[in-house]
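Beneath this line is the structure, given in structure tokens, with notes to follow.
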Amino acid sequence: MLLGAIQKTLIMQKTFTLFTVALIGTFSSLGQDSAQLRRIPYKLSLPVDKHSLYEEDIKATPYVLPGKTIQIYPGETIYVEVRQDSGKIISMTAVKEVKDPTRTLSIKLIQTVKKKVHEMIILEIHNPFTSRLTYKALMFLIPQKKWVETNVYPVEPGLSAFETWPDVIVSLALGEWSFSNQ
């Protein structure tokens, strides 16, 4: 279960009265590169309503965590090269730019805002492969101050899929990636 995997590989730190995630342990030996691309530290700033703004200092953490779990924050676009063998995902590696579009996922998380008020969060995933891509997702919500499971649809071959939520989502954890021919 994705929630169990996330809880084993991440710890939550209190930052600006809410929690964020940090990497613990080492990368698994199952094809994970210990020199994974890391995000440059920055201040995440999410409008909530006319009077509230959520801010958090995002640390230099890897985009791809152990167990092929991808963590993304609003405003980020992540490119992930996927290595597979006989339709099974062997490794996922974050890259700075798309060098091989036939095996690179494009993942984007956007917050839409109108007049400084949160409207929605949009997840966009482009699947360049010839098979359906399935995954599971957890979202870190401000009011609950914890990871919450959410439903997502598979991404069809060669297409992009969009998921939307009305919630102010601090971060998404995307994992349990697999290909299917259904």
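Residue numbers start at 1 in each chain; chains themselves are named A, B, ... in the order of the structure tokens; ligands are numbered from 1 in the order shown.
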
Identify, with DSSP run on backbone atoms, the residues in range 26-173 of chain A assigned to strand (DSSP E or B), and express the list as JSON, numbers by chain. {"A": [38, 42, 43, 44, 45, 46, 47, 48, 49, 52, 53, 54, 55, 56, 57, 58, 62, 64, 65, 69, 70, 71, 72, 77, 78, 79, 80, 81, 82, 83, 84, 85, 88, 89, 90, 91, 92, 93, 94, 95, 104, 105, 106, 107, 108, 109, 110, 111, 112, 113, 114, 117, 118, 119, 120, 121, 122, 123, 124, 125, 126, 132, 133, 134, 135, 136, 137, 138, 139, 140, 141, 146, 147, 148, 149, 150, 155, 160, 161, 162, 163, 164, 165, 169, 170, 171, 172, 173]}

Write out as a PyMOL selection string which residues come within 8 Å of Lys96 in chain A when counting only C-alpha atoms, dropping same-chain ones fewer than 5 positions away. chain A and resi 37+78-79

Write out as an MDAnalysis selection string the residues lying within 12 Å of Asp49 in chain A, counting only C-alpha atoms and excluding same-chain residues fewer than 4 positions away. chainID A and resid 53:54 113:120 167:168

Can I get the selected residues back with N, CA and C atoms, as a compact mmCIF listing (two decimals), in the first residue's frame?
```txt
# COMPACT_ATOMS: atom_id res chain seq x y z
N LEU A 53 -2.07 32.90 3.50
CA LEU A 53 -1.06 32.44 2.58
C LEU A 53 -0.29 31.35 3.30
N TYR A 54 -0.18 30.16 2.68
CA TYR A 54 0.61 29.08 3.27
C TYR A 54 2.02 29.20 2.71
N VAL A 113 -5.21 30.30 -9.22
CA VAL A 113 -5.59 31.32 -8.25
C VAL A 113 -6.34 32.41 -8.99
N LYS A 114 -7.40 32.92 -8.36
CA LYS A 114 -8.14 34.05 -8.93
C LYS A 114 -8.27 35.12 -7.85
N LYS A 115 -7.78 36.31 -8.13
CA LYS A 115 -7.82 37.43 -7.18
C LYS A 115 -7.22 37.03 -5.83
N LYS A 116 -6.08 36.36 -5.88
CA LYS A 116 -5.32 35.93 -4.70
C LYS A 116 -6.05 34.90 -3.83
N VAL A 117 -7.02 34.19 -4.43
CA VAL A 117 -7.77 33.15 -3.71
C VAL A 117 -7.58 31.82 -4.45
N HIS A 118 -7.26 30.79 -3.71
CA HIS A 118 -7.07 29.46 -4.28
C HIS A 118 -8.33 29.00 -5.01
N GLU A 119 -8.15 28.44 -6.22
CA GLU A 119 -9.26 27.84 -6.96
C GLU A 119 -9.15 26.32 -6.96
N MET A 120 -8.03 25.81 -7.49
CA MET A 120 -7.85 24.36 -7.54
C MET A 120 -6.39 23.99 -7.77
N ASP A 167 -8.99 21.22 -3.14
CA ASP A 167 -8.22 21.41 -1.91
C ASP A 167 -6.92 22.17 -2.17
N VAL A 168 -6.41 22.83 -1.13
CA VAL A 168 -5.06 23.39 -1.18
C VAL A 168 -4.12 22.24 -0.80
```

Between A:Phe140, A:Tyr63, A:Tyr73, A:Tyr135, single out the one closest to Leu44 in chain A, counting only C-alpha atoms. A:Tyr73

Give me, as number ranges by chain, all polymer residues having an atom no more than 12 Å from Ile122 in chain A, counting only C-alpha atoms and skipping those fewer than 2 positions away in the same chain. A: 72-77, 107-113, 118-120, 124-125, 152, 161-169, 171-172

For the selection you just gave me, I'd like the residues written to a file as a compact mmCIF listing (two decimals), in the first residue's frame, keeping C-alpha atoms.
```txt
# COMPACT_ATOMS: atom_id res chain seq x y z
CA ILE A 72 5.95 17.10 -6.33
CA TYR A 73 4.92 20.53 -5.05
CA PRO A 74 2.62 23.09 -6.73
CA GLY A 75 4.53 25.06 -9.34
CA GLU A 76 6.94 22.24 -10.17
CA THR A 77 7.41 20.37 -13.44
CA ILE A 107 4.66 15.59 -14.48
CA LYS A 108 3.34 19.05 -13.59
CA LEU A 109 1.47 20.31 -10.51
CA ILE A 110 -0.29 23.67 -10.81
CA GLN A 111 -2.27 25.82 -8.39
CA THR A 112 -4.83 28.08 -10.05
CA VAL A 113 -5.59 31.32 -8.25
CA HIS A 118 -7.07 29.46 -4.28
CA GLU A 119 -9.26 27.84 -6.96
CA MET A 120 -7.85 24.36 -7.54
CA GLU A 124 -0.85 16.78 -15.42
CA ILE A 125 1.02 13.61 -16.40
CA VAL A 152 -6.51 8.94 -9.73
CA ALA A 161 -4.11 12.92 -18.07
CA PHE A 162 -5.36 15.68 -15.81
CA GLU A 163 -6.52 15.35 -12.20
CA THR A 164 -8.07 18.27 -10.32
CA TRP A 165 -8.80 18.90 -6.66
CA PRO A 166 -10.50 21.85 -4.94
CA ASP A 167 -8.22 21.41 -1.91
CA VAL A 168 -5.06 23.39 -1.18
CA ILE A 169 -2.52 20.61 -1.61
CA SER A 171 2.50 18.19 -1.97
CA LEU A 172 1.61 15.00 -3.86
```

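Residue neighbourhood of Thr102 in chain A, excluding near-sequence residues (fewer than 6 positions): Val80, Glu81, Val82, Arg83, Gln84, His126, Asn127, Pro128, Phe129, Thr130, Ser131, Pro157 and Gly158 of chain A, at 12 Å, using only C-alpha atoms.
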
Long-range neighbours of Lys59 in chain A as a PDB file with N, CA and C atoms, in the first residue's frame, 9 Å cut-off, only C-alpha atoms, 5 positions minimum in chain:
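Below is the file result_8.pdb, written as the result:
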```pdb
ATOM      1  N   ALA A  22      10.653  14.871   4.460  1.00  0.00           N
ATOM      2  CA  ALA A  22      12.093  14.838   4.208  1.00  0.00           C
ATOM      3  C   ALA A  22      12.502  13.383   3.989  1.00  0.00           C
ATOM      4  N   ARG A  39      15.775  18.920  -5.986  1.00  0.00           N
ATOM      5  CA  ARG A  39      15.221  20.263  -6.209  1.00  0.00           C
ATOM      6  C   ARG A  39      16.106  21.291  -5.516  1.00  0.00           C
ATOM      7  N   ILE A  40      16.171  22.461  -6.084  1.00  0.00           N
ATOM      8  CA  ILE A  40      16.888  23.576  -5.476  1.00  0.00           C
ATOM      9  C   ILE A  40      15.983  24.124  -4.366  1.00  0.00           C
ATOM     10  N   PRO A  41      16.511  24.356  -3.159  1.00  0.00           N
ATOM     11  CA  PRO A  41      15.672  24.871  -2.065  1.00  0.00           C
ATOM     12  C   PRO A  41      14.976  26.177  -2.472  1.00  0.00           C
ATOM     13  N   TYR A  42      13.739  26.318  -2.042  1.00  0.00           N
ATOM     14  CA  TYR A  42      12.971  27.537  -2.324  1.00  0.00           C
ATOM     15  C   TYR A  42      11.851  27.680  -1.308  1.00  0.00           C
ATOM     16  N   LYS A  43      11.217  28.844  -1.310  1.00  0.00           N
ATOM     17  CA  LYS A  43      10.067  29.076  -0.430  1.00  0.00           C
ATOM     18  C   LYS A  43       8.794  28.832  -1.220  1.00  0.00           C
TER      19      LYS A  43
END
```
